[in-house]
Amino acid sequence: MAKYIFVTGGVTSSLGKGIIAASLAKLLQARGISATIQKFDPYINVDPGTLNPYEHGECYVTEDGAETDLDLGHYERFLNTSTTQANNVTTGRIYQTVINKERAGEFLGKTVQVVPHITDEIKRRMMLLGVEGKFDVVITEIGGTVGDIESLPFVEAVRQIQWELPEEDVMVVHLTLIPYLKAAKELKTQPTQHSVRMLSETGVHPDVIVCRTEEPLNDDIKRKIALFCNVKQESVIEAADASTIYEVPLLMQKEKLDLIVLKKLNITKFTEPELTKWNVFLDKLKHPKSTIHIGLIGKYIELQDAYKSILESFIHAGAMNEVKVKVVNVHSENITPQNVNEQLAGLDGLLVAPGFGNRGIEGKIIAVKYAREHQLPFFGICLGMQMAVIEFARNILGLKDAHSVEMDPNTPYPVIDMMEEQKRITMMGGTMRLGAYPCHIEKDTLAYQIYGSQNISERHRHRYEFNNEYLKAFQDAGMITSGVNPATGLVEIIELPNHPFFIGVQYHPELKSTVEAPAPVFVHFIDAAKKYAQTKK
Ligand code: GLN
């Protein structure tokens with residue numbers, strides 16, 4: 001049986017519970033303890049797959065094809081291990097399970113209620129990853145903020161687990177905000193006291209209080225928080241603003257969060273922390289030798305969370321190449337043939353982002369054309385790859401009005417078409433081509449140079465594909481289809497020769513990039529951009 005740590009949030013959202021949970025897991029992992037992290041979200045959507053990125057940012061996809069909250073991306077990037085469907089649970093999924101059981105008659109005539117039926121299902125799922133024996137510690141991040149009506153059943157489930165398990169098998173870490181009032185020149189502890197009181201009223205008492213703060217917490221403040229929130233002073237942890245999220249594990253280590261947790265959970269077998277690779281990465285990240293500018297062409301650029309994994313992949317790949325990657329956001333809706341030179345001036349590489357729907361599509365196609373003609377390193381992901389195919393069809397093959405049937409169902413040249421198995425699907429949730437699929441790579445291609453292997457596996461999230469009826473026309477005109485799904489023949493990678501770096505991938509390599517294993521396509525793209533920047537000098 002594993003031990004359980006619950007992470008709750010108080011005062012306000014956006015304090016970075018996911019980063020604190022991931023940092024704690026990283027520190028435990030560094031001490032030889034196997035930890036996993038799961039996220040429980042209070043909303044009614046069964047998963048975030050049907051959510052617009054403007055709602056909760058990017059939809060992250062796991063190996064086994066679950067569409068999940070973006071915090072799972074942080075968990076994977078920090079721990080360098082995969083998460084699964086079981087690592088993200090929403091209120092919607094809980095209710096769906098309970099209601100399906102009710103319809104099947106499994107409650108034998110009983111009234112089905114929030115307590116105990118919903119809370120029992122929450123508890124079952126909270127414990128699930130811990131009973132397999134794979135993990136020493138399961139960390140559960142509870143989405144939302146203490147006091148929200150919708151997170152009450154989750155908090156009640158935590159209370160019951162705390163009551164049922166031996167004291168040394170469960171603990172609660174509460175993340176809160178200590179605001180600094182400039183006018184009074186004072187850090188204020190009252191909001192934290194209130195949120196801990198609210199948590200205690202529901203029967204859950206935190207063992208550790210992690211305080212987000214812009215100013216250092218002195219001993220007096222720590223003592224005050226400890227006294228009024230009823231925890232030991234050593235269990236009041238300062239979480240100062242960090243220059244990068246990847247520094248947070250080290251900040252938490254300085255505050256001895258790992259040792260406090262090990263003591264509370266009575267874990268006695270652990271090693272000295274092994275963070276060599278992590279520190280090498282951080283060192284490179286903090287001391288880049290030069291700066292390059294990458295254009296991110298997308299339509300959700302006002303909201304950076306919409307491209308979370310891509311931005312993090314740039315950070316990993318930048319560190320690997322010892323350059324600082326400055327991402328220049330270019331709104332695809334603003335790009336026109338007249339202003340493209342000006343819009344993309346000064347860039348060392350172009351990434352055309354994933355996405356859905358018609359908005360900003362023509363701008364993306366114009367950007368691809370610019371990169372192709374100006375020998376500017378180009379990298380298209382999913383929709384970005386599809387746009388590269390359309391651009392080639394229109395401007396090289398001369399197929400006027402070629403398009404994806406997603407944007408133009410009546411296009412005369414559907415070079416991107418709906419996948420056969422998608423045509424029968426009517427429901428939207430969880431029905432795309434999702435998760436990891438193998439891809440076979442041709443030798444003597446850019447893709448082979450990048451991966452150094454003929455057999456790779458990458459994660460997917462799409463409904464449309466390269467239309468193989470046009471395969472020969474594309475190949476004859478010089479486009480290389482260097483990666484193909486071995487079972488279906490689905491084109492996964494396209495590239496152009498006679499160009500320093502032009503690649504489009506139907507999959508999402510950003511979902512597998514971690515601190516310790518940056519995604520190879522990103523690493524090579526940044527390398528190409530670095531070389532491009534050097535030739536400009
Ligand atoms: N909308 C495109 C498709 O469904 C691309 C999806 C994506 O970029 N993730 O195929």
# chains A, B, ... in the order shown; residues from 1 in each chain; ligands from 1

$ residues_near_ligand --ligand "ligand 1" --cutoff "7 Å" --atoms "only C-alpha atoms and all ligand atoms" --output "PDB file with N, CA and C atoms, in the first residue's frame"
ATOM      1  N   PRO A 354      -0.504  23.740 -33.344  1.00  0.00           N
ATOM      2  CA  PRO A 354      -1.704  22.925 -33.499  1.00  0.00           C
ATOM      3  C   PRO A 354      -2.960  23.781 -33.333  1.00  0.00           C
ATOM      4  N   GLY A 355      -4.086  23.236 -33.699  1.00  0.00           N
ATOM      5  CA  GLY A 355      -5.335  23.977 -33.507  1.00  0.00           C
ATOM      6  C   GLY A 355      -6.493  23.341 -34.239  1.00  0.00           C
ATOM      7  N   PHE A 356      -7.648  23.961 -34.083  1.00  0.00           N
ATOM      8  CA  PHE A 356      -8.877  23.453 -34.686  1.00  0.00           C
ATOM      9  C   PHE A 356      -9.642  24.607 -35.305  1.00  0.00           C
ATOM     10  N   GLY A 357     -10.342  24.343 -36.392  1.00  0.00           N
ATOM     11  CA  GLY A 357     -11.250  25.350 -36.953  1.00  0.00           C
ATOM     12  C   GLY A 357     -10.566  26.357 -37.850  1.00  0.00           C
ATOM     13  N   ILE A 381       3.361  21.570 -36.244  1.00  0.00           N
ATOM     14  CA  ILE A 381       2.841  20.498 -35.392  1.00  0.00           C
ATOM     15  C   ILE A 381       1.351  20.314 -35.660  1.00  0.00           C
ATOM     16  N   CYS A 382       0.975  19.105 -36.010  1.00  0.00           N
ATOM     17  CA  CYS A 382      -0.419  18.706 -36.213  1.00  0.00           C
ATOM     18  C   CYS A 382      -1.093  19.635 -37.227  1.00  0.00           C
ATOM     19  N   LEU A 383      -1.923  20.576 -36.794  1.00  0.00           N
ATOM     20  CA  LEU A 383      -2.517  21.500 -37.753  1.00  0.00           C
ATOM     21  C   LEU A 383      -1.421  22.239 -38.527  1.00  0.00           C
ATOM     22  N   GLY A 384      -0.313  22.516 -37.877  1.00  0.00           N
ATOM     23  CA  GLY A 384       0.812  23.205 -38.525  1.00  0.00           C
ATOM     24  C   GLY A 384       1.381  22.371 -39.660  1.00  0.00           C
ATOM     25  N   GLU A 406     -11.709  19.908 -43.016  1.00  0.00           N
ATOM     26  CA  GLU A 406     -12.134  20.508 -41.752  1.00  0.00           C
ATOM     27  C   GLU A 406     -12.544  21.971 -41.972  1.00  0.00           C
ATOM     28  N   ARG A 461      -3.431  13.719 -31.389  1.00  0.00           N
ATOM     29  CA  ARG A 461      -4.758  14.246 -31.049  1.00  0.00           C
ATOM     30  C   ARG A 461      -5.324  14.949 -32.278  1.00  0.00           C
ATOM     31  N   HIS A 462      -5.964  14.209 -33.138  1.00  0.00           N
ATOM     32  CA  HIS A 462      -6.497  14.816 -34.371  1.00  0.00           C
ATOM     33  C   HIS A 462      -7.569  13.931 -35.006  1.00  0.00           C
ATOM     34  N   ARG A 463      -8.316  14.549 -35.926  1.00  0.00           N
ATOM     35  CA  ARG A 463      -9.339  13.801 -36.674  1.00  0.00           C
ATOM     36  C   ARG A 463      -9.012  13.719 -38.167  1.00  0.00           C
ATOM     37  N   TYR A 464      -8.126  14.612 -38.614  1.00  0.00           N
ATOM     38  CA  TYR A 464      -7.859  14.695 -40.056  1.00  0.00           C
ATOM     39  C   TYR A 464      -6.450  14.195 -40.343  1.00  0.00           C
ATOM     40  N   GLU A 465      -6.199  13.883 -41.619  1.00  0.00           N
ATOM     41  CA  GLU A 465      -4.921  13.277 -41.971  1.00  0.00           C
ATOM     42  C   GLU A 465      -4.522  13.687 -43.394  1.00  0.00           C
TER      43      GLU A 465
END

$ residues_around --residues "Val231 of chain A" --least-positions-apart "2" --cutoff "10 Å" --atoms "only C-alpha atoms" --output "ChimeraX atom specification"
/A:205-209,223,225-229,233-236

$ select_by_dssp --residues "segment 131-273 of chain A" --states "alpha helix (DSSP H)" --output "PyMOL selection string"
chain A and resi 131+152-164+190-201+219-229+248-254+257-264

$ write_last_selection --atoms "C-alpha atoms" --output "PDB file, in the first residue's frame"
ATOM      1  CA  VAL A 131      -3.147  -0.137  -4.372  1.00  0.00           C
ATOM      2  CA  LEU A 152     -16.636  19.992  -1.239  1.00  0.00           C
ATOM      3  CA  PRO A 153     -17.147  16.283  -2.099  1.00  0.00           C
ATOM      4  CA  PHE A 154     -13.398  15.989  -2.823  1.00  0.00           C
ATOM      5  CA  VAL A 155     -12.510  17.560   0.517  1.00  0.00           C
ATOM      6  CA  GLU A 156     -15.004  15.261   2.274  1.00  0.00           C
ATOM      7  CA  ALA A 157     -13.349  12.266   0.597  1.00  0.00           C
ATOM      8  CA  VAL A 158      -9.961  13.464   1.859  1.00  0.00           C
ATOM      9  CA  ARG A 159     -11.418  13.802   5.358  1.00  0.00           C
ATOM     10  CA  GLN A 160     -12.675  10.223   5.264  1.00  0.00           C
ATOM     11  CA  ILE A 161      -9.374   8.879   3.957  1.00  0.00           C
ATOM     12  CA  GLN A 162      -7.540  10.798   6.698  1.00  0.00           C
ATOM     13  CA  TRP A 163      -9.882   9.215   9.232  1.00  0.00           C
ATOM     14  CA  GLU A 164      -9.673   5.686   7.810  1.00  0.00           C
ATOM     15  CA  GLN A 190      -5.220  36.605   7.650  1.00  0.00           C
ATOM     16  CA  PRO A 191      -6.309  35.192   4.265  1.00  0.00           C
ATOM     17  CA  THR A 192      -4.290  32.072   5.080  1.00  0.00           C
ATOM     18  CA  GLN A 193      -5.788  31.793   8.541  1.00  0.00           C
ATOM     19  CA  HIS A 194      -9.256  32.024   6.984  1.00  0.00           C
ATOM     20  CA  SER A 195      -8.601  29.384   4.368  1.00  0.00           C
ATOM     21  CA  VAL A 196      -7.106  26.977   6.917  1.00  0.00           C
ATOM     22  CA  ARG A 197     -10.095  27.587   9.178  1.00  0.00           C
ATOM     23  CA  MET A 198     -12.427  26.837   6.287  1.00  0.00           C
ATOM     24  CA  LEU A 199     -10.560  23.622   5.570  1.00  0.00           C
ATOM     25  CA  SER A 200     -10.660  22.663   9.254  1.00  0.00           C
ATOM     26  CA  GLU A 201     -14.409  23.285   9.399  1.00  0.00           C
ATOM     27  CA  ASP A 219      10.520  33.807  11.717  1.00  0.00           C
ATOM     28  CA  ASP A 220       7.860  35.987  13.318  1.00  0.00           C
ATOM     29  CA  ILE A 221       5.506  35.580  10.399  1.00  0.00           C
ATOM     30  CA  LYS A 222       6.185  31.852  10.219  1.00  0.00           C
ATOM     31  CA  ARG A 223       5.480  31.560  13.930  1.00  0.00           C
ATOM     32  CA  LYS A 224       2.248  33.507  13.571  1.00  0.00           C
ATOM     33  CA  ILE A 225       1.050  31.299  10.713  1.00  0.00           C
ATOM     34  CA  ALA A 226       2.049  28.180  12.642  1.00  0.00           C
ATOM     35  CA  LEU A 227       0.292  29.295  15.819  1.00  0.00           C
ATOM     36  CA  PHE A 228      -2.964  30.387  14.249  1.00  0.00           C
ATOM     37  CA  CYS A 229      -3.156  27.592  11.716  1.00  0.00           C
ATOM     38  CA  VAL A 248      10.960  25.313  -7.393  1.00  0.00           C
ATOM     39  CA  PRO A 249      12.130  21.794  -6.387  1.00  0.00           C
ATOM     40  CA  LEU A 250      15.392  23.324  -5.161  1.00  0.00           C
ATOM     41  CA  LEU A 251      13.570  26.069  -3.262  1.00  0.00           C
ATOM     42  CA  MET A 252      11.384  23.406  -1.640  1.00  0.00           C
ATOM     43  CA  GLN A 253      14.467  21.385  -0.814  1.00  0.00           C
ATOM     44  CA  LYS A 254      16.017  24.399   0.919  1.00  0.00           C
ATOM     45  CA  LEU A 257       9.760  20.079   2.476  1.00  0.00           C
ATOM     46  CA  ASP A 258      10.961  16.595   1.513  1.00  0.00           C
ATOM     47  CA  LEU A 259      12.309  15.849   4.995  1.00  0.00           C
ATOM     48  CA  ILE A 260       9.142  17.096   6.689  1.00  0.00           C
ATOM     49  CA  VAL A 261       7.043  14.864   4.439  1.00  0.00           C
ATOM     50  CA  LEU A 262       9.271  11.826   4.986  1.00  0.00           C
ATOM     51  CA  LYS A 263       9.076  12.332   8.730  1.00  0.00           C
ATOM     52  CA  LYS A 264       5.299  12.735   8.813  1.00  0.00           C
TER      53      LYS A 264
END

$ residues_around --residues "Met320 of chain A" --least-positions-apart "5" --cutoff "12 Å" --atoms "only C-alpha atoms" --output "tab-separated table (two decimals) with all heavy atoms, in the first residue's frame"
chain	number	residue	atom	x	y	z
A	277	LYS	N	21.34	15.58	-12.90
A	277	LYS	CA	20.86	15.94	-14.25
A	277	LYS	C	20.02	17.22	-14.19
A	277	LYS	O	20.10	18.06	-15.07
A	277	LYS	CB	20.01	14.81	-14.82
A	277	LYS	CG	20.81	13.70	-15.45
A	277	LYS	CD	19.88	12.78	-16.18
A	277	LYS	CE	20.59	11.58	-16.72
A	277	LYS	NZ	19.67	10.49	-17.06
A	278	TRP	N	19.21	17.28	-13.15
A	278	TRP	CA	18.34	18.45	-12.97
A	278	TRP	C	19.20	19.72	-12.84
A	278	TRP	O	18.92	20.75	-13.46
A	278	TRP	CB	17.48	18.24	-11.72
A	278	TRP	CG	16.36	19.22	-11.59
A	278	TRP	CD1	16.42	20.44	-10.99
A	278	TRP	CD2	15.03	19.10	-12.11
A	278	TRP	NE1	15.20	21.07	-11.08
A	278	TRP	CE2	14.32	20.26	-11.75
A	278	TRP	CE3	14.35	18.10	-12.83
A	278	TRP	CZ2	12.99	20.47	-12.09
A	278	TRP	CZ3	13.02	18.30	-13.16
A	278	TRP	CH2	12.37	19.47	-12.79
A	280	VAL	N	22.31	20.20	-13.83
A	280	VAL	CA	23.02	20.49	-15.09
A	280	VAL	C	22.08	21.27	-16.00
A	280	VAL	O	22.44	22.29	-16.60
A	280	VAL	CB	23.50	19.19	-15.77
A	280	VAL	CG1	23.98	19.47	-17.20
A	280	VAL	CG2	24.60	18.53	-14.95
A	281	PHE	N	20.83	20.79	-16.10
A	281	PHE	CA	19.82	21.47	-16.92
A	281	PHE	C	19.63	22.92	-16.45
A	281	PHE	O	19.66	23.86	-17.24
A	281	PHE	CB	18.50	20.69	-16.87
A	281	PHE	CG	17.29	21.49	-17.26
A	281	PHE	CD1	16.99	21.74	-18.60
A	281	PHE	CD2	16.44	22.01	-16.29
A	281	PHE	CE1	15.88	22.49	-18.95
A	281	PHE	CE2	15.32	22.76	-16.64
A	281	PHE	CZ	15.04	23.01	-17.97
A	282	LEU	N	19.44	23.08	-15.14
A	282	LEU	CA	19.19	24.43	-14.59
A	282	LEU	C	20.35	25.36	-14.87
A	282	LEU	O	20.17	26.53	-15.21
A	282	LEU	CB	18.99	24.32	-13.08
A	282	LEU	CG	17.58	24.41	-12.54
A	282	LEU	CD1	17.60	24.47	-11.03
A	282	LEU	CD2	16.81	25.59	-13.11
A	283	ASP	N	21.56	24.83	-14.74
A	283	ASP	CA	22.74	25.62	-14.96
A	283	ASP	C	22.79	26.12	-16.41
A	283	ASP	O	23.04	27.30	-16.67
A	283	ASP	CB	23.98	24.76	-14.64
A	283	ASP	CG	25.22	25.62	-14.56
A	283	ASP	OD1	25.16	26.64	-13.85
A	283	ASP	OD2	26.21	25.29	-15.24
A	284	LYS	N	22.49	25.21	-17.34
A	284	LYS	CA	22.48	25.60	-18.76
A	284	LYS	C	21.37	26.60	-19.03
A	284	LYS	O	21.54	27.54	-19.80
A	284	LYS	CB	22.29	24.37	-19.64
A	284	LYS	CG	23.53	23.53	-19.77
A	284	LYS	CD	23.32	22.49	-20.83
A	284	LYS	CE	24.56	21.65	-21.01
A	284	LYS	NZ	24.32	20.49	-21.86
A	285	LEU	N	20.22	26.36	-18.40
A	285	LEU	CA	19.07	27.25	-18.60
A	285	LEU	C	19.40	28.67	-18.16
A	285	LEU	O	19.02	29.65	-18.80
A	285	LEU	CB	17.88	26.69	-17.81
A	285	LEU	CG	16.56	27.44	-17.90
A	285	LEU	CD1	16.04	27.41	-19.33
A	285	LEU	CD2	15.53	26.83	-16.95
A	286	LYS	N	20.13	28.76	-17.06
A	286	LYS	CA	20.40	30.08	-16.50
A	286	LYS	C	21.58	30.78	-17.17
A	286	LYS	O	21.76	31.97	-16.97
A	286	LYS	CB	20.69	29.94	-15.01
A	286	LYS	CG	19.43	29.66	-14.21
A	286	LYS	CD	19.75	29.72	-12.75
A	286	LYS	CE	18.53	29.59	-11.90
A	286	LYS	NZ	18.92	29.37	-10.50
A	287	HIS	N	22.40	30.04	-17.89
A	287	HIS	CA	23.57	30.66	-18.52
A	287	HIS	C	23.62	30.41	-20.02
A	287	HIS	O	24.55	29.76	-20.51
A	287	HIS	CB	24.86	30.15	-17.84
A	287	HIS	CG	24.87	30.39	-16.36
A	287	HIS	ND1	24.63	29.39	-15.45
A	287	HIS	CD2	25.02	31.52	-15.65
A	287	HIS	CE1	24.66	29.90	-14.22
A	287	HIS	NE2	24.90	31.18	-14.32
A	288	PRO	N	22.64	30.92	-20.75
A	288	PRO	CA	22.65	30.72	-22.21
A	288	PRO	C	23.79	31.52	-22.84
A	288	PRO	O	24.19	32.56	-22.30
A	288	PRO	CB	21.29	31.27	-22.64
A	288	PRO	CG	20.91	32.25	-21.58
A	288	PRO	CD	21.50	31.74	-20.30
A	289	LYS	N	24.30	30.99	-23.97
A	289	LYS	CA	25.42	31.69	-24.63
A	289	LYS	C	24.93	32.71	-25.64
A	289	LYS	O	25.68	33.60	-26.04
A	289	LYS	CB	26.33	30.66	-25.29
A	289	LYS	CG	26.96	29.73	-24.26
A	289	LYS	CD	28.16	29.00	-24.80
A	289	LYS	CE	28.86	28.24	-23.70
A	289	LYS	NZ	29.01	26.82	-23.99
A	313	SER	N	8.75	22.83	-23.98
A	313	SER	CA	9.69	22.09	-24.85
A	313	SER	C	10.78	23.02	-25.36
A	313	SER	O	11.94	22.60	-25.50
A	313	SER	CB	8.96	21.48	-26.04
A	313	SER	OG	7.94	20.61	-25.59
A	314	PHE	N	10.41	24.27	-25.66
A	314	PHE	CA	11.42	25.24	-26.08
A	314	PHE	C	12.44	25.48	-24.97
A	314	PHE	O	13.63	25.67	-25.24
A	314	PHE	CB	10.77	26.58	-26.47
A	314	PHE	CG	10.20	26.60	-27.86
A	314	PHE	CD1	9.00	27.22	-28.13
A	314	PHE	CD2	10.88	26.00	-28.92
A	314	PHE	CE1	8.48	27.25	-29.41
A	314	PHE	CE2	10.37	26.02	-30.20
A	314	PHE	CZ	9.16	26.65	-30.45
A	315	ILE	N	11.95	25.50	-23.74
A	315	ILE	CA	12.87	25.72	-22.61
A	315	ILE	C	13.84	24.54	-22.50
A	315	ILE	O	15.05	24.71	-22.36
A	315	ILE	CB	12.07	25.94	-21.31
A	315	ILE	CG1	11.33	27.28	-21.40
A	315	ILE	CG2	12.97	25.89	-20.08
A	315	ILE	CD1	10.37	27.57	-20.28
A	325	VAL	N	15.70	30.79	-25.75
A	325	VAL	CA	14.71	30.84	-26.82
A	325	VAL	C	13.67	31.90	-26.46
A	325	VAL	O	12.92	31.75	-25.51
A	325	VAL	CB	14.02	29.48	-27.00
A	325	VAL	CG1	12.97	29.56	-28.10
A	325	VAL	CG2	15.04	28.39	-27.29
A	513	SER	N	8.24	15.88	-24.15
A	513	SER	CA	9.49	16.54	-23.81
A	513	SER	C	9.60	16.71	-22.29
A	513	SER	O	8.67	17.22	-21.66
A	513	SER	CB	9.54	17.91	-24.49
A	513	SER	OG	10.82	18.48	-24.35
A	514	THR	N	10.69	16.26	-21.72
A	514	THR	CA	10.89	16.42	-20.27
A	514	THR	C	12.26	17.06	-20.03
A	514	THR	O	13.09	17.13	-20.95
A	514	THR	CB	10.84	15.06	-19.53
A	514	THR	OG1	12.02	14.32	-19.86
A	514	THR	CG2	9.62	14.25	-19.90
A	515	VAL	N	12.47	17.49	-18.80
A	515	VAL	CA	13.76	18.12	-18.45
A	515	VAL	C	14.91	17.17	-18.79
A	515	VAL	O	15.92	17.57	-19.35
A	515	VAL	CB	13.76	18.48	-16.94
A	515	VAL	CG1	15.16	18.77	-16.45
A	515	VAL	CG2	12.85	19.67	-16.70
A	516	GLU	N	14.72	15.90	-18.41
A	516	GLU	CA	15.82	14.95	-18.62
A	516	GLU	C	15.85	14.35	-20.01
A	516	GLU	O	16.87	13.79	-20.42
A	516	GLU	CB	15.74	13.85	-17.54
A	516	GLU	CG	16.18	14.43	-16.21
A	516	GLU	CD	16.06	13.47	-15.05
A	516	GLU	OE1	15.95	12.26	-15.28
A	516	GLU	OE2	16.05	13.97	-13.91
A	517	ALA	N	14.76	14.45	-20.75
A	517	ALA	CA	14.74	13.92	-22.11
A	517	ALA	C	13.97	14.87	-23.02
A	517	ALA	O	12.80	14.64	-23.35
A	517	ALA	CB	14.10	12.52	-22.12
A	518	PRO	N	14.61	15.98	-23.43
A	518	PRO	CA	13.93	16.93	-24.31
A	518	PRO	C	13.52	16.27	-25.63
A	518	PRO	O	14.21	15.36	-26.10
A	518	PRO	CB	14.99	18.01	-24.56
A	518	PRO	CG	15.99	17.85	-23.48
A	518	PRO	CD	15.99	16.39	-23.12
A	519	ALA	N	12.41	16.72	-26.21
A	519	ALA	CA	11.93	16.12	-27.46
A	519	ALA	C	12.95	16.38	-28.57
A	519	ALA	O	13.34	17.52	-28.81
A	519	ALA	CB	10.59	16.73	-27.84
A	520	PRO	N	13.39	15.30	-29.26
A	520	PRO	CA	14.44	15.45	-30.28
A	520	PRO	C	14.09	16.45	-31.38
A	520	PRO	O	14.97	17.18	-31.85
A	520	PRO	CB	14.58	14.04	-30.87
A	520	PRO	CG	13.95	13.12	-29.89
A	520	PRO	CD	12.99	13.90	-29.07
A	522	PHE	N	12.36	19.17	-31.21
A	522	PHE	CA	12.58	20.52	-30.69
A	522	PHE	C	14.08	20.82	-30.59
A	522	PHE	O	14.52	21.92	-30.93
A	522	PHE	CB	11.91	20.68	-29.31
A	522	PHE	CG	10.45	21.00	-29.39
A	522	PHE	CD1	9.50	19.98	-29.49
A	522	PHE	CD2	10.01	22.31	-29.42
A	522	PHE	CE1	8.15	20.28	-29.58
A	522	PHE	CE2	8.66	22.62	-29.51
A	522	PHE	CZ	7.73	21.60	-29.59
A	523	VAL	N	14.84	19.86	-30.11
A	523	VAL	CA	16.28	20.07	-29.95
A	523	VAL	C	16.91	20.40	-31.31
A	523	VAL	O	17.68	21.35	-31.44
A	523	VAL	CB	16.95	18.82	-29.32
A	523	VAL	CG1	18.46	18.98	-29.29
A	523	VAL	CG2	16.39	18.58	-27.92
A	524	HIS	N	16.53	19.66	-32.34
A	524	HIS	CA	17.12	19.88	-33.67
A	524	HIS	C	16.59	21.16	-34.32
A	524	HIS	O	17.32	21.84	-35.04
A	524	HIS	CB	16.87	18.67	-34.57
A	524	HIS	CG	17.77	17.51	-34.22
A	524	HIS	ND1	18.86	17.16	-35.00
A	524	HIS	CD2	17.77	16.67	-33.17
A	524	HIS	CE1	19.49	16.14	-34.43
A	524	HIS	NE2	18.84	15.82	-33.32
A	525	PHE	N	15.34	21.47	-34.06
A	525	PHE	CA	14.76	22.71	-34.59
A	525	PHE	C	15.51	23.91	-34.00
A	525	PHE	O	15.89	24.84	-34.72
A	525	PHE	CB	13.26	22.76	-34.24
A	525	PHE	CG	12.58	24.05	-34.60
A	525	PHE	CD1	12.61	24.56	-35.90
A	525	PHE	CD2	11.87	24.76	-33.63
A	525	PHE	CE1	11.96	25.76	-36.23
A	525	PHE	CE2	11.22	25.95	-33.95
A	525	PHE	CZ	11.27	26.44	-35.24
A	526	ILE	N	15.74	23.88	-32.70
A	526	ILE	CA	16.44	25.00	-32.05
A	526	ILE	C	17.88	25.07	-32.56
A	526	ILE	O	18.42	26.16	-32.79
A	526	ILE	CB	16.39	24.85	-30.50
A	526	ILE	CG1	14.94	24.98	-30.01
A	526	ILE	CG2	17.28	25.88	-29.81
A	526	ILE	CD1	14.24	26.26	-30.39
A	527	ASP	N	18.47	23.91	-32.77
A	527	ASP	CA	19.83	23.89	-33.32
A	527	ASP	C	19.85	24.56	-34.71
A	527	ASP	O	20.73	25.37	-35.02
A	527	ASP	CB	20.31	22.43	-33.41
A	527	ASP	CG	21.67	22.32	-34.07
A	527	ASP	OD1	22.61	22.97	-33.58
A	527	ASP	OD2	21.77	21.62	-35.11
A	530	LYS	N	19.47	28.22	-34.33
A	530	LYS	CA	20.72	28.79	-33.84
A	530	LYS	C	21.69	29.01	-35.00
A	530	LYS	O	22.30	30.08	-35.13
A	530	LYS	CB	21.32	27.79	-32.82
A	530	LYS	CG	22.47	28.31	-32.01
A	530	LYS	CD	22.73	27.36	-30.84
A	530	LYS	CE	23.94	26.50	-31.09
A	530	LYS	NZ	24.20	25.57	-29.97

$ residues_around --residues "Asp64 of chain A" --least-positions-apart "6" --cutoff "10 Å" --atoms "only C-alpha atoms" --output "PyMOL selection string"
chain A and resi 82-86+434-437+459

$ closest_residue --among "A:Leu165, A:Val327, A:Ile396, A:Ala447" --to "Ala477 of chain A" --atoms "only C-alpha atoms"
A:Ile396

$ residues_around --residues "Gly143 of chain A" --least-positions-apart "5" --cutoff "8 Å" --atoms "only C-alpha atoms" --output "ChimeraX atom specification"
/A:8-9,39-42,151

$ write_last_selection --atoms "N, CA and C atoms" --output "short mmCIF file (atom, residue, chain, number, x, y, z; two decimals), in the first residue's frame"
data_model
loop_
_atom_site.label_atom_id
_atom_site.label_comp_id
_atom_site.auth_asym_id
_atom_site.auth_seq_id
_atom_site.Cartn_x
_atom_site.Cartn_y
_atom_site.Cartn_z
N THR A 8 -4.04 20.77 -1.31
CA THR A 8 -5.20 21.64 -1.48
C THR A 8 -4.70 23.08 -1.69
N GLY A 9 -5.61 23.94 -2.16
CA GLY A 9 -5.23 25.33 -2.39
C GLY A 9 -6.17 26.26 -1.66
N LYS A 39 -4.49 14.40 -10.55
CA LYS A 39 -5.23 15.65 -10.35
C LYS A 39 -6.71 15.37 -10.35
N PHE A 40 -7.42 15.89 -9.35
CA PHE A 40 -8.87 15.79 -9.28
C PHE A 40 -9.47 17.16 -9.55
N ASP A 41 -10.21 17.27 -10.65
CA ASP A 41 -10.77 18.56 -11.05
C ASP A 41 -12.26 18.61 -10.74
N PRO A 42 -12.72 19.72 -10.17
CA PRO A 42 -14.12 19.77 -9.73
C PRO A 42 -15.16 20.05 -10.83
N SER A 151 -15.90 21.83 -4.92
CA SER A 151 -14.84 20.90 -4.49
C SER A 151 -15.15 20.24 -3.14
#

$ atom_distance --atom1 "atom CA of Ala25 of chain A" --atom2 "atom CA of His74 of chain A"
11.0 Å

$ residues_around --residues "Thr140 of chain A" --least-positions-apart "4" --cutoff "9 Å" --atoms "only C-alpha atoms" --output "PyMOL selection string"
chain A and resi 4-8+21+36-40+87+126

$ select_by_dssp --residues "segment 103-275 of chain A" --states "strand (DSSP E)" --output "PyMOL selection string"
chain A and resi 137-142+170-177+180-181+186-187+208-213+236-240

$ atom_distance --atom1 "atom CA of Pro337 of chain A" --atom2 "atom CA of Ile366 of chain A"
6.5 Å
